[in-house]
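Listing of query-v9.txt, compact mmCIF, C-alpha atoms and all ligand atoms
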```txt
# COMPACT_ATOMS: atom_id res chain seq x y z
CA MET L 1196 52.83 7.80 -38.43
CA SER L 1197 53.43 7.33 -42.15
CA ALA L 1198 56.82 8.31 -43.45
CA VAL L 1199 57.87 8.52 -47.09
CA LEU L 1200 61.51 8.40 -48.16
CA VAL L 1201 62.12 10.94 -50.93
CA VAL L 1202 65.16 10.41 -53.15
CA ASN L 1203 66.59 12.96 -55.59
CA SER L 1204 69.38 11.21 -57.43
CA GLY L 1205 71.96 12.54 -59.87
CA SER L 1206 74.77 10.67 -61.58
CA SER L 1207 77.36 11.20 -58.84
CA SER L 1208 75.25 12.09 -55.82
CA PHE L 1209 71.83 11.71 -54.26
CA LYS L 1210 69.85 13.61 -51.66
CA TYR L 1211 67.23 12.04 -49.45
CA GLN L 1212 64.61 13.08 -46.93
CA LEU L 1213 62.47 10.95 -44.67
CA ILE L 1214 59.22 12.89 -44.34
CA ASP L 1215 56.42 12.27 -41.86
CA VAL L 1216 53.45 13.04 -44.09
CA ASP L 1217 51.04 13.53 -41.17
CA SER L 1218 53.03 16.36 -39.60
CA ARG L 1219 54.61 17.28 -43.01
CA MET L 1220 57.97 17.49 -41.24
CA PRO L 1221 61.29 15.96 -42.29
CA LEU L 1222 62.49 13.41 -39.74
CA ALA L 1223 65.94 13.02 -41.29
CA SER L 1224 67.71 14.08 -44.44
CA GLY L 1225 71.04 13.58 -46.07
CA LEU L 1226 73.35 13.79 -49.02
CA VAL L 1227 75.62 11.13 -50.47
CA GLU L 1228 78.04 12.67 -52.92
CA ARG L 1229 81.15 11.99 -54.98
CA ILE L 1230 79.88 8.57 -55.94
CA GLY L 1231 82.43 6.94 -58.22
CA ASP L 1232 85.45 4.73 -58.16
CA PRO L 1233 88.02 6.37 -55.85
CA SER L 1234 90.84 4.37 -57.40
CA THR L 1235 90.51 6.11 -60.79
CA SER L 1236 92.60 9.18 -61.60
CA SER L 1237 89.59 11.50 -61.28
CA GLY L 1238 88.21 9.62 -58.29
CA THR L 1239 87.88 11.03 -54.79
CA MET L 1240 86.50 9.65 -51.59
CA GLY L 1241 82.76 9.66 -51.25
CA VAL L 1242 81.07 11.81 -48.62
CA ALA L 1243 77.87 10.88 -46.77
CA LYS L 1244 76.04 13.43 -44.60
CA HIS L 1245 73.09 12.39 -42.47
CA LYS L 1246 71.04 14.85 -40.44
CA VAL L 1247 68.52 13.81 -37.82
CA HIS L 1248 65.85 16.49 -37.46
CA PHE L 1249 63.77 14.91 -34.71
CA ALA L 1250 64.45 12.19 -32.16
CA ALA L 1251 62.15 10.60 -29.63
CA SER L 1252 62.69 12.03 -26.14
CA GLY L 1253 62.36 10.00 -22.94
CA ASP L 1254 58.56 10.23 -22.93
CA GLY L 1255 58.36 9.29 -26.60
CA SER L 1256 57.50 12.79 -27.87
CA PRO L 1257 59.70 14.13 -30.67
CA THR L 1258 62.37 16.71 -29.87
CA VAL L 1259 64.40 18.72 -32.35
CA THR L 1260 68.01 17.55 -32.56
CA ASP L 1261 69.33 18.76 -35.94
CA ALA L 1262 72.45 16.65 -35.33
CA THR L 1263 74.58 16.09 -38.45
CA TYR L 1264 76.89 13.12 -39.02
CA VAL L 1265 79.50 13.13 -41.77
CA GLN L 1266 81.68 10.30 -43.00
CA GLU L 1267 84.19 9.98 -45.81
CA LEU L 1268 84.56 6.57 -47.40
CA PRO L 1269 84.78 4.98 -50.85
CA ILE L 1270 81.33 4.97 -52.51
CA PRO L 1271 81.91 3.32 -55.89
CA ASP L 1272 78.28 3.22 -56.98
CA HIS L 1273 74.70 4.09 -56.00
CA ALA L 1274 74.10 0.65 -54.47
CA VAL L 1275 76.94 1.23 -51.99
CA GLY L 1276 75.61 4.76 -51.46
CA PHE L 1277 72.24 3.33 -50.42
CA ALA L 1278 73.90 0.83 -48.09
CA VAL L 1279 75.78 3.74 -46.46
CA MET L 1280 72.52 5.68 -46.13
CA LEU L 1281 70.71 2.71 -44.54
CA ASP L 1282 73.58 2.25 -42.15
CA ALA L 1283 73.37 5.93 -41.14
CA PHE L 1284 69.63 5.55 -40.44
CA GLU L 1285 70.34 2.48 -38.26
CA THR L 1286 73.27 4.10 -36.40
CA HIS L 1287 71.92 7.61 -35.90
CA GLY L 1288 68.18 7.16 -36.39
CA PRO L 1289 65.40 6.98 -37.07
CA SER L 1290 65.73 3.23 -37.60
CA LEU L 1291 64.16 2.18 -40.89
CA SER L 1292 64.24 -1.47 -39.92
CA GLU L 1293 62.08 -0.72 -36.86
CA ALA L 1294 59.78 1.76 -38.64
CA PRO L 1295 60.08 1.35 -42.40
CA PRO L 1296 58.73 4.06 -44.71
CA VAL L 1297 55.44 3.29 -46.44
CA ALA L 1298 56.85 4.19 -49.87
CA VAL L 1299 59.82 5.71 -51.68
CA GLY L 1300 59.31 8.75 -53.94
CA HIS L 1301 61.82 9.51 -56.67
CA ARG L 1302 62.34 12.84 -58.37
CA VAL L 1303 62.74 12.29 -62.10
CA VAL L 1304 63.54 15.34 -64.22
CA HIS L 1305 62.19 14.29 -67.60
CA GLY L 1306 58.94 12.43 -68.16
CA GLY L 1307 58.64 13.46 -71.81
CA ALA L 1308 55.08 13.50 -73.16
CA ARG L 1309 54.52 10.04 -71.65
CA PHE L 1310 54.29 10.71 -67.92
CA PHE L 1311 51.77 13.30 -66.83
CA GLU L 1312 51.24 12.14 -63.24
CA PRO L 1313 53.16 10.43 -60.44
CA THR L 1314 53.71 6.85 -61.53
CA LEU L 1315 54.27 3.57 -59.70
CA ILE L 1316 57.65 2.29 -60.86
CA THR L 1317 57.62 -1.06 -62.61
CA PRO L 1318 60.33 -2.60 -64.83
CA LEU L 1319 58.49 -1.11 -67.83
CA VAL L 1320 58.47 2.38 -66.27
CA GLU L 1321 62.22 2.02 -65.67
CA ILE L 1322 62.70 1.23 -69.34
CA ASN L 1323 60.69 4.31 -70.31
CA ILE L 1324 62.69 6.57 -67.98
CA ASP L 1325 65.87 5.12 -69.46
CA GLU L 1326 64.60 5.74 -72.96
CA LEU L 1327 63.83 9.37 -72.07
CA SER L 1328 67.53 9.86 -71.27
CA VAL L 1329 67.87 10.90 -74.92
CA LEU L 1330 65.97 14.07 -73.98
CA ALA L 1331 67.68 14.54 -70.60
CA PRO L 1332 71.16 13.01 -70.80
CA LEU L 1333 72.36 15.03 -67.80
CA HIS L 1334 69.49 14.03 -65.52
CA ASN L 1335 67.56 10.84 -66.24
CA PRO L 1336 70.49 8.36 -66.11
CA GLY L 1337 71.35 9.48 -62.54
CA ALA L 1338 67.70 9.22 -61.48
CA LEU L 1339 67.56 5.72 -62.86
CA GLN L 1340 70.68 4.67 -60.97
CA GLY L 1341 69.03 5.93 -57.78
CA ILE L 1342 65.78 4.11 -58.59
CA ARG L 1343 67.57 0.82 -59.19
CA ALA L 1344 69.62 1.07 -56.01
CA ALA L 1345 66.57 2.06 -53.96
CA ARG L 1346 64.42 -0.74 -55.37
CA ALA L 1347 67.17 -3.22 -54.51
CA ALA L 1348 67.44 -1.77 -50.99
CA PHE L 1349 63.64 -1.70 -50.44
CA PRO L 1350 62.25 -4.44 -52.69
CA GLU L 1351 59.02 -4.77 -50.74
CA LEU L 1352 58.04 -1.07 -50.85
CA PRO L 1353 56.15 0.78 -53.59
CA HIS L 1354 58.44 3.16 -55.48
CA VAL L 1355 56.89 6.16 -57.22
CA ALA L 1356 58.40 8.45 -59.86
CA VAL L 1357 57.43 12.12 -59.65
CA PHE L 1358 58.36 14.01 -62.81
CA ASP L 1359 59.51 17.64 -63.04
CA THR L 1360 57.74 17.89 -66.39
CA ALA L 1361 54.38 16.43 -65.31
CA PHE L 1362 52.71 19.64 -64.13
CA HIS L 1363 53.30 21.19 -67.57
CA GLN L 1364 51.45 18.50 -69.49
CA THR L 1365 48.51 20.93 -69.59
CA LEU L 1366 50.42 23.39 -71.80
CA PRO L 1367 48.38 24.05 -74.92
CA PRO L 1368 49.98 23.11 -78.28
CA ALA L 1369 50.49 26.80 -79.11
CA ALA L 1370 52.72 27.11 -76.03
CA TYR L 1371 54.66 23.87 -76.42
CA THR L 1372 55.24 23.80 -80.18
CA TYR L 1373 58.50 25.14 -81.63
CA ALA L 1374 58.09 26.72 -85.05
CA ILE L 1375 60.29 24.23 -86.90
CA ASP L 1376 59.69 21.41 -89.39
CA ARG L 1377 56.88 19.41 -87.81
CA GLU L 1378 57.92 16.02 -89.07
CA LEU L 1379 61.47 16.39 -87.80
CA ALA L 1380 60.18 17.71 -84.49
CA GLU L 1381 57.81 14.79 -84.06
CA GLN L 1382 60.43 12.24 -85.02
CA HIS L 1383 62.81 13.56 -82.36
CA ARG L 1384 60.14 14.59 -79.83
CA ILE L 1385 61.25 18.21 -80.01
CA ARG L 1386 58.80 20.40 -78.14
CA ARG L 1387 58.66 22.39 -74.95
CA TYR L 1388 58.12 20.25 -71.84
CA GLY L 1389 58.86 22.67 -68.97
CA PHE L 1390 60.55 21.81 -65.65
CA HIS L 1391 60.41 22.64 -61.91
CA GLY L 1392 56.80 21.46 -62.21
CA THR L 1393 56.72 19.97 -58.71
CA SER L 1394 57.70 23.35 -57.27
CA HIS L 1395 55.31 25.38 -59.47
CA LYS L 1396 52.45 23.08 -58.46
CA PHE L 1397 53.31 23.19 -54.76
CA VAL L 1398 53.71 26.98 -54.71
CA SER L 1399 50.55 27.77 -56.70
CA GLU L 1400 48.46 25.49 -54.47
CA ALA L 1401 50.06 26.85 -51.31
CA ALA L 1402 49.39 30.43 -52.49
CA ALA L 1403 45.70 29.67 -53.11
CA GLY L 1404 45.44 27.93 -49.72
CA PHE L 1405 47.12 30.88 -47.99
CA LEU L 1406 44.72 33.35 -49.58
CA GLY L 1407 41.76 31.10 -48.84
CA ARG L 1408 40.67 31.27 -52.50
CA PRO L 1409 39.75 28.43 -54.85
CA LEU L 1410 42.66 27.47 -57.08
CA GLU L 1411 40.26 27.17 -60.04
CA GLU L 1412 39.49 30.90 -59.89
CA LEU L 1413 43.02 32.22 -59.82
CA LYS L 1414 45.38 33.41 -62.51
CA GLN L 1415 48.89 33.06 -61.12
CA ILE L 1416 52.50 33.67 -62.10
CA VAL L 1417 55.14 31.74 -60.15
CA PHE L 1418 58.79 32.74 -60.33
CA HIS L 1419 61.00 29.81 -59.22
CA LEU L 1420 64.35 31.58 -58.95
CA GLY L 1421 67.09 29.30 -57.69
CA ASN L 1422 70.35 28.25 -59.28
CA GLY L 1423 68.11 27.02 -62.09
CA ALA L 1424 65.22 29.41 -62.72
CA SER L 1425 61.86 29.27 -64.44
CA VAL L 1426 58.55 31.11 -64.46
CA THR L 1427 55.12 29.61 -65.08
CA ALA L 1428 51.72 31.06 -65.91
CA ILE L 1429 49.01 29.07 -64.14
CA ASP L 1430 45.33 29.47 -64.98
CA GLY L 1431 42.91 27.78 -62.60
CA GLY L 1432 45.64 25.45 -61.31
CA ARG L 1433 46.78 24.43 -64.80
CA SER L 1434 50.17 25.32 -66.25
CA VAL L 1435 49.50 27.21 -69.50
CA GLU L 1436 52.94 28.66 -70.24
CA THR L 1437 56.40 28.13 -68.81
CA SER L 1438 59.85 29.45 -69.58
CA MET L 1439 61.90 26.24 -69.76
CA GLY L 1440 61.64 24.25 -72.97
CA MET L 1441 62.73 20.90 -74.30
CA THR L 1442 65.50 21.11 -71.71
CA PRO L 1443 66.04 23.30 -68.63
CA LEU L 1444 68.26 25.64 -70.68
CA GLU L 1445 65.57 27.87 -72.18
CA GLY L 1446 64.08 30.96 -70.57
CA LEU L 1447 65.37 33.06 -67.71
CA VAL L 1448 69.00 33.95 -67.02
CA MET L 1449 70.22 31.42 -64.42
CA GLY L 1450 73.24 30.81 -62.19
CA THR L 1451 75.28 29.20 -64.96
CA ARG L 1452 72.79 28.84 -67.87
CA SER L 1453 72.19 31.45 -70.54
CA GLY L 1454 68.44 31.01 -70.88
CA ASP L 1455 67.06 32.42 -74.16
CA ILE L 1456 69.62 33.11 -76.85
CA ASP L 1457 69.48 33.44 -80.63
CA PRO L 1458 70.27 29.88 -81.83
CA ALA L 1459 72.31 31.39 -84.66
CA VAL L 1460 74.92 32.36 -82.03
CA LEU L 1461 75.73 28.63 -81.85
CA PHE L 1462 76.16 28.29 -85.63
CA HIS L 1463 78.38 31.35 -85.55
CA LEU L 1464 80.57 30.02 -82.71
CA ALA L 1465 80.84 26.60 -84.36
CA ARG L 1466 81.94 28.17 -87.64
CA ARG L 1467 84.08 31.05 -86.38
CA ALA L 1468 85.46 29.80 -83.05
CA SER L 1469 85.53 26.08 -83.98
CA LEU L 1470 83.59 25.14 -80.87
CA SER L 1471 82.26 21.57 -80.89
CA ILE L 1472 78.72 20.58 -79.91
CA ASP L 1473 80.03 19.53 -76.49
CA ASP L 1474 81.88 22.84 -76.08
CA LEU L 1475 78.71 24.75 -76.90
CA ASP L 1476 76.67 22.59 -74.53
CA ALA L 1477 79.12 23.28 -71.70
CA LEU L 1478 79.30 26.98 -72.60
CA LEU L 1479 75.53 27.56 -72.38
CA ASN L 1480 74.79 25.18 -69.50
CA LYS L 1481 77.80 25.62 -67.25
CA ARG L 1482 79.66 28.85 -68.07
CA SER L 1483 76.91 31.33 -68.94
CA GLY L 1484 74.16 33.09 -67.01
CA ILE L 1485 75.24 35.34 -64.16
CA LEU L 1486 78.47 33.31 -63.81
CA GLY L 1487 79.39 33.99 -67.44
CA LEU L 1488 78.60 37.69 -67.11
CA SER L 1489 80.05 38.46 -63.69
CA GLY L 1490 82.48 35.65 -62.84
CA VAL L 1491 80.36 34.54 -59.86
CA GLY L 1492 77.33 32.24 -60.01
CA ASP L 1493 75.76 33.03 -56.65
CA MET L 1494 73.27 35.90 -56.55
CA ARG L 1495 74.56 37.00 -53.12
CA ASP L 1496 77.99 37.61 -54.63
CA VAL L 1497 76.46 39.44 -57.60
CA GLU L 1498 74.56 41.73 -55.26
CA ALA L 1499 77.72 42.36 -53.23
CA GLY L 1500 79.46 43.22 -56.52
CA VAL L 1501 76.66 45.66 -57.42
CA ASP L 1502 77.07 47.35 -54.03
CA ALA L 1503 80.82 47.59 -54.55
CA GLY L 1504 80.28 49.26 -57.94
CA ASP L 1505 81.61 46.32 -59.97
CA PRO L 1506 80.52 46.94 -63.60
CA ASP L 1507 80.36 43.23 -64.55
CA ALA L 1508 78.17 42.36 -61.56
CA THR L 1509 75.99 45.39 -62.27
CA LEU L 1510 75.45 44.36 -65.90
CA ALA L 1511 74.76 40.73 -64.86
CA PHE L 1512 72.14 41.93 -62.37
CA GLU L 1513 70.51 44.22 -64.94
CA VAL L 1514 70.39 41.50 -67.61
CA TYR L 1515 68.86 39.13 -65.03
CA LEU L 1516 66.13 41.63 -64.08
CA HIS L 1517 65.49 42.65 -67.69
CA ARG L 1518 64.65 39.04 -68.56
CA LEU L 1519 62.39 38.67 -65.49
CA ARG L 1520 60.41 41.78 -66.51
CA ALA L 1521 60.11 40.55 -70.08
CA TYR L 1522 58.59 37.28 -68.88
CA ALA L 1523 56.34 38.98 -66.32
CA GLY L 1524 54.91 41.17 -69.07
CA SER L 1525 54.56 38.29 -71.50
CA TYR L 1526 52.72 36.11 -68.99
CA LEU L 1527 50.41 38.97 -68.00
CA ALA L 1528 49.48 39.12 -71.67
CA GLN L 1529 49.13 35.34 -72.05
CA LEU L 1530 46.90 35.08 -68.99
CA GLY L 1531 44.95 38.28 -69.72
CA GLY L 1532 45.71 39.60 -66.23
CA VAL L 1533 46.89 38.05 -63.00
CA ASP L 1534 45.61 37.70 -59.42
CA VAL L 1535 48.70 36.39 -57.62
CA ILE L 1536 52.43 36.53 -58.29
CA SER L 1537 54.68 34.32 -56.12
CA PHE L 1538 58.43 34.20 -55.70
CA THR L 1539 60.14 31.03 -54.54
CA ALA L 1540 63.51 29.14 -54.32
CA GLY L 1541 66.90 30.46 -53.19
CA VAL L 1542 66.89 33.83 -54.98
CA GLY L 1543 63.11 34.28 -55.02
CA GLU L 1544 62.72 33.62 -51.30
CA ASN L 1545 65.75 35.63 -50.21
CA SER L 1546 66.47 38.54 -52.53
CA ALA L 1547 64.19 41.54 -51.91
CA ARG L 1548 66.13 43.43 -54.55
CA VAL L 1549 65.41 40.86 -57.26
CA ARG L 1550 61.72 40.72 -56.36
CA ALA L 1551 61.39 44.50 -56.42
CA GLY L 1552 63.36 44.78 -59.67
CA ALA L 1553 61.33 42.10 -61.42
CA LEU L 1554 58.06 43.97 -60.93
CA ASP L 1555 59.01 47.64 -60.56
CA THR L 1556 57.74 48.66 -64.00
CA LEU L 1557 54.36 46.99 -63.57
CA GLY L 1558 52.62 49.60 -61.42
CA PHE L 1559 50.40 50.39 -64.43
CA ALA L 1560 49.03 46.82 -64.19
CA GLY L 1561 48.09 47.29 -60.55
CA ILE L 1562 51.16 45.52 -59.18
CA GLU L 1563 52.60 47.35 -56.19
CA ILE L 1564 55.27 46.00 -53.87
CA ASP L 1565 55.46 47.33 -50.31
CA ALA L 1566 59.12 48.10 -49.69
CA ALA L 1567 59.07 47.33 -45.95
CA ARG L 1568 57.15 44.05 -46.38
CA ASN L 1569 59.49 43.04 -49.17
CA GLU L 1570 62.57 43.65 -47.01
CA ALA L 1571 61.14 41.93 -43.92
CA ARG L 1572 62.24 38.34 -43.40
CA GLY L 1573 60.40 35.48 -41.79
CA PRO L 1574 59.37 31.90 -42.15
CA GLY L 1575 56.36 30.71 -44.11
CA ILE L 1576 54.30 32.43 -46.76
CA ARG L 1577 54.14 36.23 -46.65
CA VAL L 1578 52.52 39.04 -48.57
CA ILE L 1579 54.89 41.66 -50.00
CA SER L 1580 52.38 43.73 -52.01
CA THR L 1581 50.66 46.85 -50.65
CA ASP L 1582 47.11 46.64 -49.33
CA SER L 1583 45.92 48.66 -52.35
CA SER L 1584 47.74 46.50 -54.93
CA ALA L 1585 45.28 44.90 -57.36
CA VAL L 1586 47.59 41.90 -57.58
CA THR L 1587 48.74 40.03 -54.48
CA VAL L 1588 52.48 39.39 -54.48
CA LEU L 1589 53.76 36.62 -52.20
CA VAL L 1590 56.96 34.97 -51.07
CA VAL L 1591 56.21 31.24 -50.85
CA PRO L 1592 58.94 28.88 -49.60
CA THR L 1593 58.95 25.91 -51.93
CA ASN L 1594 59.10 22.35 -50.63
CA GLU L 1595 59.62 19.96 -53.52
CA GLU L 1596 60.43 17.04 -51.22
CA LEU L 1597 57.15 17.39 -49.35
CA GLU L 1598 55.24 17.63 -52.63
CA ILE L 1599 56.99 14.47 -53.87
CA ALA L 1600 56.15 12.71 -50.59
CA LEU L 1601 52.48 13.69 -50.81
CA GLN L 1602 52.18 12.66 -54.45
CA THR L 1603 54.00 9.41 -53.71
CA LEU L 1604 51.59 8.60 -50.92
CA THR L 1605 48.58 9.19 -53.19
CA VAL L 1606 49.89 6.65 -55.66
CA ALA L 1607 51.15 4.19 -53.04
CA ALA L 1608 47.82 4.30 -51.22
CA GLY L 1609 46.28 3.15 -54.41
P1 LIG K 1701 68.29 26.97 -54.97
O1 LIG K 1701 68.69 26.44 -56.32
O2 LIG K 1701 66.81 27.19 -54.85
O3 LIG K 1701 68.88 26.22 -53.82
O4 LIG K 1701 68.91 28.45 -54.90
C1 LIG K 1701 70.29 28.61 -54.73
C2 LIG K 1701 70.67 30.04 -55.05
O5 LIG K 1701 69.91 30.97 -54.24
C3 LIG K 1701 72.11 30.38 -54.70
O6 LIG K 1701 72.98 30.03 -55.73
C4 LIG K 1701 72.05 31.88 -54.52
O7 LIG K 1701 72.31 32.48 -55.78
C5 LIG K 1701 70.63 32.19 -54.15
N1 LIG K 1701 70.51 32.75 -52.79
C6 LIG K 1701 70.48 32.07 -51.62
N2 LIG K 1701 70.37 32.96 -50.59
C7 LIG K 1701 70.33 34.21 -51.13
C8 LIG K 1701 70.22 35.53 -50.59
N3 LIG K 1701 70.13 35.75 -49.29
N4 LIG K 1701 70.22 36.57 -51.47
C9 LIG K 1701 70.31 36.34 -52.80
N5 LIG K 1701 70.41 35.12 -53.36
C10 LIG K 1701 70.42 34.06 -52.54
```

Show the structure stored in the file as structure tokens.
Ligand code: AMP
Amino acid sequence: MSAVLVVNSGSSSFKYQLIDVDSRMPLASGLVERIGDPSTSSGTMGVAKHKVHFAASGDGSPTVTDATYVQELPIPDHAVGFAVMLDAFETHGPSLSEAPPVAVGHRVVHGGARFFEPTLITPLVEINIDELSVLAPLHNPGALQGIRAARAAFPELPHVAVFDTAFHQTLPPAAYTYAIDRELAEQHRIRRYGFHGTSHKFVSEAAAGFLGRPLEELKQIVFHLGNGASVTAIDGGRSVETSMGMTPLEGLVMGTRSGDIDPAVLFHLARRASLSIDDLDALLNKRSGILGLSGVGDMRDVEAGVDAGDPDATLAFEVYLHRLRAYAGSYLAQLGGVDVISFTAGVGENSARVRAGALDTLGFAGIEIDAARNEARGPGIRVISTDSSAVTVLVVPTNEELEIALQTLTVAAG
């Protein structure tokens, strides 16, 4: 059995999953959060949750346990967080000292134009990820803290960085270039990079596999609709257009992010409302999107508000769908037609109403959703288009951790 430990680290928390790559199943997973000094005024106790998915039964065969263990304790930094995680593996299983993983895979949000494939982490790669923090100040520093703590905890294992931007390195210049002064843009590396690439790759490949059709032949649109949301046009397995830009702020309306907005709104607010750069950053990243419009950031609450006749929730939902339709139409035009449209992530996998609303004006393009299939729930990949639809519409559960584990193994295996 070869297991890969997948780590997704932010500045004050990290998630992990130990994945058996042969069975593609998670053996254990967990979350260490509220990392920081508890003695400071803003400090709180850290929380570590460890869940064991499978345990060996008496005869050695795996049985499902899904037991969760939670502890509260001071976790001043990522290194302590990793020690707590290792301890949880030893206490509750599976023991990493008895059966160590073959490699550790790290999710890194921003790989800039430098990293276009999963990369074995060396001190030089660490320096490059650090340097890319200029482009992703909210994400890369946390990933780097996780990488350093994990490398200290597992010095003998290969560590691999898997970048959210990597899948979009195939974007053509026309799609990634902003129409601004070229010299300034080059100097500051301003261009579109795209994000959620691990998910878009996983979903587009899973969709092709499910349909039993060669990836190279398919034109696909993937809607990754979670708290963050993006859509990608994929031609023959290559990302050719995506909605997120230099940062994950551009594009669709999201849980708390505005997505596309006239940049002059920012000049106006700076001049007229005296908002600082940091205020504007927080406004568009943390207090906009469906939260800014409706007061709630979770799509389930928005839908409940729509049902209750709440006008703010109704407008938020309509703005959300309007943007989805605009991108669907744009990507149909960019691709010159489409064979498969997939929905994934929290909203995409769960909200029949969002899926129907995103595509309901596209009957003229041969896109027909079957209402009953769309409403039906179930695990795995499922078709929600009618049998006569020219375009196949799917719900595809994403699995970024598995994709990171598989890519990590490819690099680690050499
Ligand atoms: P993710 O970022 O992929 O974990 O997605 C999280 C988001 O999915 C939540 O904030 C919800 O808005 C949304 N979500 C989860 N379950 C549902 C559901 N049953 N209906 C609508 N939205 C959902």

Neighbour list for Phe1512 of chain L as a PyMOL selection string, cut-off 9 Å, all atoms listed in the file, skip fewer than 6 positions in-chain: chain L and resi 1485+1489+1494+1497-1498+1501+1549

*asked:* Which residue is closest to ligand LIG 1701 (chain K)? Choose from L:Val1491, L:Ala1585, L:Ala1523, L:Val1590 and count only C-alpha atoms and all ligand atoms.
replied: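 Between L:Val1491, L:Ala1585, L:Ala1523, L:Val1590, the residue approaching ligand LIG 1701 (chain K) most closely is L:Val1491.
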
Find the residues near ligand LIG 1701 (chain K). Use a cut-off of 10 Å, count all atoms listed in the file, and write them as JSON, numbers by chain. {"L": [1419, 1420, 1421, 1422, 1423, 1424, 1449, 1450, 1451, 1485, 1491, 1492, 1493, 1494, 1495, 1496, 1497, 1498, 1499, 1539, 1540, 1541, 1542, 1543, 1544, 1545, 1546, 1547, 1548, 1549, 1592, 1593]}

Q) Which residues, written as an NGL selection string, have at least one atom at most 7 Å from Val1398 of chain L, with all atoms listed in the file counted and residues fewer than 4 positions away on the same chain left out? A) :L and (1394 or 1402 or 1591 or 1593)

Tyr1526 of chain L proximity check over L:Phe1559, L:Phe1538, L:Phe1418, L:Phe1390, using all atoms listed in the file: winner is L:Phe1418
